[in-house]
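**Q** input19.txt is reproduced below (compact mmCIF, C-alpha atoms and all ligand atoms).
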```txt
# COMPACT_ATOMS: atom_id res chain seq x y z
CA MET A 1 9.13 -4.62 23.20
CA ILE A 2 11.44 -6.91 25.17
CA ARG A 3 13.29 -5.31 28.05
CA THR A 4 15.67 -6.58 30.70
CA MET A 5 17.97 -4.38 32.80
CA ASP A 6 20.31 -3.33 30.03
CA PHE A 7 18.75 -4.73 26.86
CA VAL A 8 15.90 -3.48 24.67
CA GLU A 9 14.56 -4.92 21.41
CA ARG A 10 12.37 -2.95 19.05
CA LYS A 11 10.70 -3.36 15.66
CA ALA A 12 10.99 -0.46 13.19
CA TYR A 13 8.07 -0.46 10.75
CA ALA A 14 8.19 0.71 7.12
CA LYS A 15 5.72 3.18 5.62
CA ILE A 16 3.98 3.76 2.32
CA ASN A 17 2.34 6.93 1.03
CA LEU A 18 -1.32 6.49 0.12
CA GLY A 19 -1.13 9.96 -1.42
CA LEU A 20 1.81 12.29 -2.01
CA ASP A 21 1.61 15.88 -3.18
CA VAL A 22 4.35 18.47 -3.45
CA LEU A 23 3.04 22.00 -3.06
CA ARG A 24 6.16 24.05 -3.76
CA ARG A 25 9.90 24.27 -3.48
CA ARG A 26 10.98 26.52 -0.64
CA MET A 27 13.80 29.08 -0.86
CA ASP A 28 15.98 26.82 1.31
CA GLY A 29 15.65 23.95 -1.19
CA TYR A 30 13.25 21.85 0.87
CA HIS A 31 9.92 20.90 -0.64
CA GLU A 32 6.62 21.56 1.02
CA VAL A 33 4.61 18.34 0.94
CA LYS A 34 1.13 17.09 1.72
CA MET A 35 1.14 13.34 2.17
CA ILE A 36 -0.89 10.54 3.68
CA MET A 37 1.46 8.24 5.55
CA GLN A 38 0.61 4.68 6.46
CA THR A 39 2.69 2.22 8.51
CA VAL A 40 2.88 -1.28 7.04
CA ASP A 41 3.69 -4.64 8.57
CA ILE A 42 7.24 -4.89 7.21
CA TRP A 43 9.89 -4.24 9.81
CA ASP A 44 13.54 -4.14 10.80
CA ARG A 45 14.54 -5.46 14.20
CA LEU A 46 16.91 -3.43 16.36
CA THR A 47 18.49 -4.42 19.66
CA PHE A 48 20.14 -2.08 22.13
CA THR A 49 22.56 -3.19 24.83
CA ALA A 50 23.96 -0.72 27.32
CA CYS A 51 27.61 -1.06 28.27
CA GLU A 52 29.97 0.73 30.65
CA GLU A 53 32.55 1.85 28.07
CA PRO A 54 31.29 4.93 26.22
CA GLY A 55 30.78 4.85 22.43
CA ILE A 56 28.32 3.60 19.86
CA GLU A 57 28.91 0.26 18.19
CA LEU A 58 26.59 -0.70 15.34
CA SER A 59 26.39 -3.99 13.50
CA VAL A 60 24.12 -4.43 10.48
CA GLY A 61 24.35 -8.17 9.79
CA ASN A 62 24.49 -8.92 6.07
CA ALA A 63 22.98 -5.60 5.01
CA ALA A 64 25.14 -3.50 2.68
CA LEU A 65 24.89 -0.45 4.91
CA PRO A 66 27.39 1.81 6.62
CA VAL A 67 28.02 1.25 10.34
CA GLY A 68 29.35 4.73 11.15
CA LYS A 69 28.05 8.28 10.93
CA ASP A 70 26.49 7.63 7.51
CA ASN A 71 23.96 5.34 9.11
CA LEU A 72 20.90 7.15 10.47
CA ILE A 73 20.89 4.75 13.43
CA TYR A 74 24.35 5.93 14.41
CA ARG A 75 23.38 9.58 13.91
CA ALA A 76 20.28 9.26 16.09
CA ALA A 77 22.23 7.43 18.81
CA GLU A 78 24.93 10.10 18.77
CA LEU A 79 22.39 12.93 18.94
CA ILE A 80 20.49 11.48 21.90
CA THR A 81 23.72 10.57 23.74
CA LYS A 82 24.82 14.20 23.44
CA GLU A 83 21.45 15.84 24.17
CA LYS A 84 20.77 13.67 27.20
CA ASN A 85 24.34 13.55 28.43
CA ILE A 86 24.42 9.74 28.50
CA LYS A 87 27.70 8.46 29.91
CA GLN A 88 27.28 4.79 29.06
CA GLY A 89 27.95 3.29 25.66
CA VAL A 90 25.55 1.23 23.58
CA ARG A 91 25.81 -1.73 21.23
CA ILE A 92 23.15 -1.73 18.53
CA THR A 93 22.31 -4.54 16.12
CA LEU A 94 20.14 -4.19 13.03
CA GLU A 95 18.30 -6.98 11.23
CA LYS A 96 17.37 -5.35 7.90
CA ASN A 97 14.19 -6.56 6.21
CA ILE A 98 12.83 -3.28 4.79
CA PRO A 99 14.00 -2.70 1.20
CA VAL A 100 16.77 -0.07 1.09
CA ALA A 101 16.53 3.15 -0.96
CA ALA A 102 12.99 2.14 -1.77
CA GLY A 103 10.67 4.97 -0.71
CA MET A 104 9.66 3.12 2.44
CA ALA A 105 11.55 5.30 4.95
CA GLY A 106 13.77 2.39 6.00
CA GLY A 107 16.52 4.61 7.39
CA SER A 108 14.12 7.06 9.05
CA THR A 109 12.19 4.32 10.82
CA ASP A 110 15.41 2.78 12.13
CA ALA A 111 16.36 6.21 13.49
CA ALA A 112 12.91 6.50 15.07
CA ALA A 113 13.42 3.12 16.77
CA VAL A 114 16.62 4.48 18.31
CA PHE A 115 14.61 7.22 20.03
CA HIS A 116 12.16 4.71 21.51
CA GLY A 117 14.93 2.23 22.30
CA PHE A 118 17.12 4.75 24.12
CA ASN A 119 14.09 6.13 25.95
CA GLU A 120 13.48 2.67 27.44
CA LEU A 121 17.07 1.59 27.90
CA PHE A 122 18.21 4.70 29.73
CA ASP A 123 14.90 5.71 31.38
CA LEU A 124 14.96 9.08 29.61
CA PHE A 125 11.20 9.77 29.91
CA MET A 126 11.21 11.73 26.64
CA SER A 127 7.69 12.58 25.51
CA LEU A 128 6.58 11.79 21.97
CA GLU A 129 6.73 15.53 21.23
CA GLU A 130 10.30 15.84 22.50
CA MET A 131 11.40 12.84 20.46
CA LYS A 132 9.74 14.24 17.33
CA LYS A 133 11.42 17.61 17.81
CA LEU A 134 14.84 15.99 18.08
CA GLY A 135 14.04 13.47 15.33
CA VAL A 136 13.53 16.09 12.62
CA LYS A 137 17.24 16.95 13.00
CA ILE A 138 17.98 13.48 11.61
CA GLY A 139 15.47 13.58 8.76
CA ALA A 140 12.12 14.99 7.67
CA ASP A 141 10.32 11.61 7.91
CA VAL A 142 11.72 10.71 11.34
CA PRO A 143 9.01 12.51 13.40
CA TYR A 144 6.31 10.57 11.53
CA CYS A 145 8.17 7.29 12.06
CA ILE A 146 8.42 8.04 15.80
CA MET A 147 4.64 8.36 15.87
CA GLY A 148 3.63 5.72 13.27
CA GLY A 149 0.11 4.73 12.20
CA THR A 150 -1.94 6.74 9.71
CA ALA A 151 -1.23 10.46 9.44
CA LEU A 152 -1.39 13.56 7.32
CA SER A 153 2.11 14.96 6.92
CA GLU A 154 2.66 18.59 5.95
CA GLY A 155 5.42 21.22 5.97
CA ILE A 156 8.63 19.36 5.10
CA GLY A 157 7.10 16.32 6.80
CA GLU A 158 7.25 17.52 10.38
CA ILE A 159 3.67 18.83 10.75
CA LEU A 160 1.69 15.72 11.58
CA THR A 161 -2.00 15.11 12.11
CA PRO A 162 -2.96 11.59 13.22
CA LEU A 163 -5.80 9.94 11.30
CA PRO A 164 -7.88 6.86 12.08
CA ALA A 165 -6.75 3.50 10.67
CA PRO A 166 -8.13 2.83 7.17
CA PRO A 167 -10.32 -0.26 6.63
CA ALA A 168 -8.43 -3.57 6.64
CA CYS A 169 -7.23 -4.79 3.25
CA VAL A 170 -4.50 -6.91 1.69
CA LEU A 171 -1.40 -5.02 0.68
CA LEU A 172 1.06 -6.17 -1.95
CA VAL A 173 4.47 -4.47 -1.89
CA ALA A 174 7.06 -4.97 -4.63
CA LYS A 175 10.49 -3.36 -4.78
CA PRO A 176 12.07 -3.51 -8.27
CA ASP A 177 15.76 -4.33 -8.31
CA THR A 178 16.97 -0.77 -8.58
CA ASP A 179 17.80 1.84 -5.96
CA VAL A 180 16.37 5.34 -6.22
CA SER A 181 17.91 8.39 -4.62
CA THR A 182 15.28 10.56 -2.94
CA LYS A 183 17.50 13.58 -3.59
CA PHE A 184 17.61 12.90 -7.33
CA VAL A 185 13.82 12.63 -7.56
CA TYR A 186 13.11 15.87 -5.69
CA GLU A 187 15.81 17.72 -7.64
CA ASN A 188 14.21 16.67 -10.92
CA LEU A 189 10.66 17.47 -9.91
CA HIS A 190 9.20 20.67 -11.30
CA ALA A 191 6.70 21.38 -8.55
CA ASP A 192 5.35 24.47 -10.31
CA LYS A 193 4.66 22.58 -13.56
CA LEU A 194 2.66 19.64 -12.23
CA GLU A 195 -0.44 19.00 -14.29
CA SER A 196 -2.39 17.19 -11.62
CA HIS A 197 -2.47 17.11 -7.84
CA PRO A 198 -3.88 14.36 -5.63
CA ASP A 199 -7.11 15.00 -3.75
CA ILE A 200 -5.55 14.62 -0.30
CA ASP A 201 -8.47 16.31 1.50
CA GLY A 202 -10.88 13.87 -0.19
CA MET A 203 -8.70 10.97 0.89
CA ILE A 204 -8.72 12.19 4.50
CA GLU A 205 -12.51 12.23 4.38
CA ALA A 206 -12.56 8.70 2.96
CA ILE A 207 -10.21 7.51 5.72
CA GLU A 208 -12.39 9.15 8.36
CA THR A 209 -15.52 7.47 7.01
CA GLY A 210 -13.83 4.09 6.48
CA ASP A 211 -14.45 4.15 2.72
CA LEU A 212 -11.77 1.92 1.14
CA ARG A 213 -12.87 2.67 -2.44
CA GLY A 214 -12.81 6.39 -1.63
CA ILE A 215 -9.19 5.93 -0.57
CA THR A 216 -8.03 3.77 -3.47
CA GLY A 217 -9.86 6.01 -5.96
CA ARG A 218 -7.69 8.94 -4.84
CA MET A 219 -4.27 7.27 -4.70
CA GLU A 220 -1.83 9.54 -6.54
CA ASN A 221 1.85 10.42 -6.13
CA VAL A 222 3.35 13.39 -7.99
CA LEU A 223 6.88 11.93 -7.69
CA GLU A 224 5.87 9.22 -10.18
CA THR A 225 6.32 11.87 -12.90
CA VAL A 226 10.08 11.76 -12.27
CA THR A 227 10.77 8.19 -11.19
CA ILE A 228 8.64 6.31 -13.74
CA ARG A 229 10.36 8.22 -16.55
CA GLU A 230 13.66 6.76 -15.32
CA TYR A 231 12.35 3.30 -14.41
CA PRO A 232 9.42 2.13 -16.60
CA VAL A 233 9.32 -1.15 -14.64
CA ILE A 234 7.31 0.74 -12.01
CA GLU A 235 4.47 1.31 -14.48
CA LYS A 236 4.64 -2.36 -15.52
CA ILE A 237 4.22 -3.53 -11.92
CA LYS A 238 1.32 -1.12 -11.36
CA GLU A 239 -0.43 -2.43 -14.49
CA LEU A 240 0.14 -6.04 -13.47
CA MET A 241 -1.28 -5.47 -10.00
CA LYS A 242 -4.39 -3.80 -11.43
CA MET A 243 -4.83 -6.58 -14.02
CA GLU A 244 -4.73 -9.11 -11.18
CA GLY A 245 -7.49 -7.32 -9.31
CA ALA A 246 -5.90 -4.55 -7.23
CA GLU A 247 -8.33 -1.76 -6.35
CA SER A 248 -5.43 0.53 -7.14
CA ALA A 249 -1.62 0.53 -7.27
CA LEU A 250 0.88 3.32 -6.68
CA MET A 251 4.55 4.07 -6.24
CA SER A 252 5.52 4.80 -2.62
CA GLY A 253 7.52 7.93 -1.72
CA SER A 254 10.26 8.61 -4.26
CA GLY A 255 10.11 4.96 -5.35
CA PRO A 256 10.81 2.55 -6.82
CA THR A 257 8.61 0.43 -4.51
CA VAL A 258 5.08 -0.15 -5.80
CA PHE A 259 2.15 -1.18 -3.62
CA GLY A 260 -1.26 -2.50 -4.58
CA ILE A 261 -4.38 -2.61 -2.44
CA PHE A 262 -6.47 -5.76 -2.75
CA THR A 263 -9.61 -6.99 -1.05
CA GLU A 264 -8.74 -10.65 -1.62
CA ARG A 265 -5.62 -12.39 -0.46
CA GLU A 266 -5.62 -14.93 -3.31
CA ALA A 267 -5.55 -12.17 -5.92
CA ALA A 268 -2.66 -10.42 -4.16
CA GLN A 269 -0.80 -13.73 -3.95
CA ARG A 270 -1.38 -14.37 -7.66
CA ALA A 271 -0.02 -10.93 -8.52
CA ALA A 272 3.00 -11.53 -6.26
CA ASP A 273 3.74 -14.82 -8.07
CA GLN A 274 3.48 -13.10 -11.46
CA ILE A 275 5.81 -10.28 -10.42
CA ARG A 276 8.41 -12.79 -9.28
CA ARG A 277 7.98 -15.03 -12.33
CA GLN A 278 8.39 -12.10 -14.73
CA GLU A 279 11.37 -10.90 -12.66
CA LEU A 280 9.93 -7.42 -12.27
CA ALA A 281 10.92 -7.38 -8.59
CA GLN A 282 12.87 -9.58 -6.18
CA GLN A 283 11.56 -8.24 -2.89
CA VAL A 284 7.83 -8.92 -2.79
CA PHE A 285 5.62 -8.92 0.32
CA VAL A 286 1.96 -9.82 0.79
CA THR A 287 1.19 -7.89 3.92
CA ARG A 288 -1.19 -5.37 5.53
CA PHE A 289 -1.40 -1.96 7.12
CA TYR A 290 -0.08 -1.79 10.67
CA ASN A 291 -1.84 0.42 13.20
CA ALA A 292 -0.67 -0.31 16.74
CA GLY A 293 -3.18 -0.42 19.59
P1 LIG A 301 12.67 7.54 2.15
O1 LIG A 301 11.38 6.84 1.88
O2 LIG A 301 12.71 8.24 3.49
O3 LIG A 301 13.15 8.37 1.02
P2 LIG A 301 14.20 5.34 1.36
O4 LIG A 301 13.44 4.09 1.68
O5 LIG A 301 14.07 5.83 -0.05
O6 LIG A 301 13.77 6.43 2.37
P3 LIG A 301 16.42 4.45 2.88
O7 LIG A 301 16.23 2.97 2.81
O8 LIG A 301 16.01 5.13 4.12
O9 LIG A 301 15.71 5.14 1.62
O10 LIG A 301 17.94 4.71 2.60
C1 LIG A 301 18.49 5.57 1.68
C2 LIG A 301 20.00 5.65 1.88
O11 LIG A 301 20.28 5.96 3.24
C3 LIG A 301 20.69 4.33 1.59
O12 LIG A 301 21.42 4.46 0.43
C4 LIG A 301 21.59 4.04 2.79
O13 LIG A 301 22.94 3.93 2.48
C5 LIG A 301 21.38 5.23 3.74
N1 LIG A 301 21.06 4.75 5.11
C6 LIG A 301 21.58 5.24 6.23
N2 LIG A 301 21.12 4.60 7.30
C7 LIG A 301 20.28 3.65 6.88
C8 LIG A 301 19.50 2.65 7.53
N3 LIG A 301 19.53 2.49 8.84
N4 LIG A 301 18.73 1.87 6.75
C9 LIG A 301 18.71 2.05 5.42
N5 LIG A 301 19.44 2.94 4.76
C10 LIG A 301 20.23 3.75 5.46
```
In structure tokens, write the structure found in this file.
**A**
Amino acid sequence: MIRTMDFVERKAYAKINLGLDVLRRRMDGYHEVKMIMQTVDIWDRLTFTACEEPGIELSVGNAALPVGKDNLIYRAAELITKEKNIKQGVRITLEKNIPVAAGMAGGSTDAAAVFHGFNELFDLFMSLEEMKKLGVKIGADVPYCIMGGTALSEGIGEILTPLPAPPACVLLVAKPDTDVSTKFVYENLHADKLESHPDIDGMIEAIETGDLRGITGRMENVLETVTIREYPVIEKIKELMKMEGAESALMSGSGPTVFGIFTEREAAQRAADQIRRQELAQQVFVTRFYNAG
């Protein structure tokens, strides 16, 4: 975090889901989930500059993203300005690196960065709890993104239990060249007809005991049943990663991003090269988990 009098810079980290289960569809249309969230070392950079004239001005560089109320950054800034009665205006810039519409919570993590950024810039002294409570008004994944790290996420995503960091490993992330709408995937999921559910409790135990194989052996995401049917390339990337030595590979969130967990960097790099060469994905990252502190 860089801070001068009226300027704050902040990184917004992407997430993957090591496990994702959907328990049921609620009467209000939301789905009750049980997921293991993990922050990864892929980030957007946001800057915040306070100015005397009121109003929110957002620039997104070359990213094909809206700059008004359709951007979660704008929505978060507007919400905090109103809630905290901020009289000054703010100029926000976004450097987008996280794949968009990818299942990596790119929009939610940007919104989360706005909470932290405003907190610093305007000396708001909001607690983590207060930010999370406000954040859920922007989106179900925003409270987790405000907290970051490794966590169990329940309810619609707002009930969070922090977990210890999993053992270090090499992470390969590949986003096929297709955008997936989270709404479409959830609407086409038949939560009551799922044949198999991930062993999330077993994964929590494996995380707590630092058992990487126990984690990778339980990686499962029920949303794959919808997204892979639409985009078979996801299955192809998973197979390729496993062939090249991944302990396991899985789709993240509602997809289409696929991640593989490797114990050797060379193997992950080889898989990355293959994915690019076969044009299965353009955006490919050899990276790692990110647990601050
Ligand atoms: P999730 O994992 O939470 O489902 P996602 O990675 O699938 O998220 P996002 O990248 O968050 O999806 O974006 C989905 C849509 O939200 C995009 O089509 C985009 O137009 C809109 N959006 C609004 N604000 C942002 C933002 N700051 N960054 C990215 N997308 C944004």
**Q** Is there a way to get, as a list in words, all residues within 6 Å of the point (29.8, 3.6, 22.4) in file coordinates, counting all atoms listed in the file?
**A** Pro54, Gly55, Ile56, Glu57, Gly89 and Val90 of chain A
**Q** May I have the centre and edge lengths, in Å to one decimal, of an axis-aligned box around the listed atoms of ligand LIG 301 (chain A) with 8 Å added to every side, as JSON?
**A**
```
{"center_x": 17.2, "center_y": 5.1, "center_z": 4.4, "size_x": 27.6, "size_y": 22.5, "size_z": 24.9}
```
**Q** As a list in words, please: the residues near segment 117-120 of chain A (cut-off 9 Å, only C-alpha atoms, same-chain neighbours under 3 positions excluded).
**A**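 Contacts, with the query itself left out: Arg3, Val8, Glu9, Arg10, Leu46, Thr47, Phe48, Ala77, Ile80, Thr81, Ala112, Ala113, Val114, Asp123, Leu124, Phe125 and Met126 of chain A.
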**Q** Give me the residues within 9 Å of Ile228 of chain A as a PyMOL selection string, counting only C-alpha atoms and dropping any in the same chain fewer than 5 places off.
**A** chain A and resi 223+233-235+251+255-256
**Q** Could you tell me, counting only C-alpha atoms and all ligand atoms, which protein and nucleic acid residues lie no more than 6 Å from ligand LIG 301 (chain A), written as JSON, numbers by chain?
**A** {"A": [65, 70, 71, 72, 73, 100, 101, 102, 103, 104, 105, 106, 107, 108, 110, 182, 253]}
**Q** Only C-alpha atoms, please: the residues just picked out, written as a short mmCIF file (atom, residue, chain, number, x, y, z; two decimals), keeping the file's coordinate frame.
**A**
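Once everything was written out, this is result00.cif:
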```cif
data_model
loop_
_atom_site.label_atom_id
_atom_site.label_comp_id
_atom_site.auth_asym_id
_atom_site.auth_seq_id
_atom_site.Cartn_x
_atom_site.Cartn_y
_atom_site.Cartn_z
CA LEU A 65 24.89 -0.45 4.91
CA ASP A 70 26.49 7.63 7.51
CA ASN A 71 23.96 5.34 9.11
CA LEU A 72 20.90 7.15 10.47
CA ILE A 73 20.89 4.75 13.43
CA VAL A 100 16.77 -0.07 1.09
CA ALA A 101 16.53 3.15 -0.96
CA ALA A 102 12.99 2.14 -1.77
CA GLY A 103 10.67 4.97 -0.71
CA MET A 104 9.66 3.12 2.44
CA ALA A 105 11.55 5.30 4.95
CA GLY A 106 13.77 2.39 6.00
CA GLY A 107 16.52 4.61 7.39
CA SER A 108 14.12 7.06 9.05
CA ASP A 110 15.41 2.78 12.13
CA THR A 182 15.28 10.56 -2.94
CA GLY A 253 7.52 7.93 -1.72
#
```
**Q** Pull the closest atom pair for each residue of segment 207-276 of chain A that gets at most 7 Å from segment 170-175 of chain A, along with the distance in Å to one decimal, counting all atoms listed in the file, ordering rows by chain and then ascending residue number, as a tab-separated table.
**A**
```
residue	atom	partner	partner_atom	distance
A:Pro256	CA	A:Lys175	CA	6.3
A:Thr257	CA	A:Lys175	CA	4.2
A:Val258	CA	A:Ala174	CA	5.3
A:Phe259	CA	A:Val173	CA	4.4
A:Gly260	CA	A:Leu172	CA	5.1
A:Ile261	CA	A:Leu171	CA	4.9
A:Phe262	CA	A:Val170	CA	5.0
A:Thr263	CA	A:Val170	CA	5.8
A:Glu264	CA	A:Val170	CA	6.6
A:Arg265	CA	A:Val170	CA	6.0
A:Ala268	CA	A:Leu172	CA	6.1
```
**Q** Name the closest residue to Thr161 of chain A among the candidates A:Leu79, A:Met37, A:Arg288, A:Gly61; distances are taken between atoms, counting only C-alpha atoms.
**A**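 Once distances to Thr161 of chain A are computed over only C-alpha atoms, the minimum belongs to A:Met37.
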**Q** At what distance in Å, to one decimal, does atom CA of Lys242 of chain A lie from atom CA of Pro198 of chain A?
**A**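 According to the coordinates, atom CA of Pro198 of chain A and atom CA of Lys242 of chain A are separated by 19.1 Å.
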**Q** What is the distance, in Å and to one decimal place, between atom CA of Gln38 of chain A and atom CA of Pro99 of chain A?
**A** 16.2 Å
**Q** Please tell me which residues are no farther than 7 Å from (16.3, -4.3, 6.2) in the file, counting only C-alpha atoms, and write them as number ranges by chain.
**A** A: 44, 63, 95-100
**Q** Identify, on the basis of all atoms listed in the file, every residue whose closest approach to segment 128-132 of chain A does not exceed 7 Å; exclude the query and any residue fewer than 4 positions from it along the same chain; express the result as a PyMOL selection string.
**A** chain A and resi 115+136+143+146
**Q** Give me, as a list in words, all polymer residues having an atom no more than 10 Å from Glu230 of chain A, counting all atoms listed in the file and skipping those fewer than 5 positions away in the same chain.
**A**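 Listing them by chain and then by number gives Val180, Val185, Glu224, Thr225 and Pro256 of chain A.
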**Q** Generate a file of the selected residues that holds C-alpha atoms, formatted as a compact mmCIF listing (two decimals), in the frame of the given file.
**A**
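So selection01.txt came out as:
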```txt
# COMPACT_ATOMS: atom_id res chain seq x y z
CA VAL A 180 16.37 5.34 -6.22
CA VAL A 185 13.82 12.63 -7.56
CA GLU A 224 5.87 9.22 -10.18
CA THR A 225 6.32 11.87 -12.90
CA PRO A 256 10.81 2.55 -6.82
```
**Q** What's around segment 27-35 of chain A at 6 Å? Count only C-alpha atoms, leave out sequence neighbours fewer than 5 positions away in its own chain, and write the answer as a list in words.
**A**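 The filter keeps Gly19, Leu20, Asp21, Val22, Leu152, Ser153, Glu154, Gly155 and Ile156 of chain A.
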**Q** In Å, rounded to a single decimal, give me how far atom CA of Gln88 of chain A is from atom CA of Glu52 of chain A.
**A**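 Atom CA of Gln88 of chain A lies at a distance of 5.1 Å from atom CA of Glu52 of chain A.
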**Q** Ranking A:Ala165, A:Ile138, A:Leu94, A:Ala151 by minimum distance to Ala76 of chain A and counting only C-alpha atoms, which one comes first?
**A**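 For Ala76 of chain A, the nearest of the given residues is A:Ile138.
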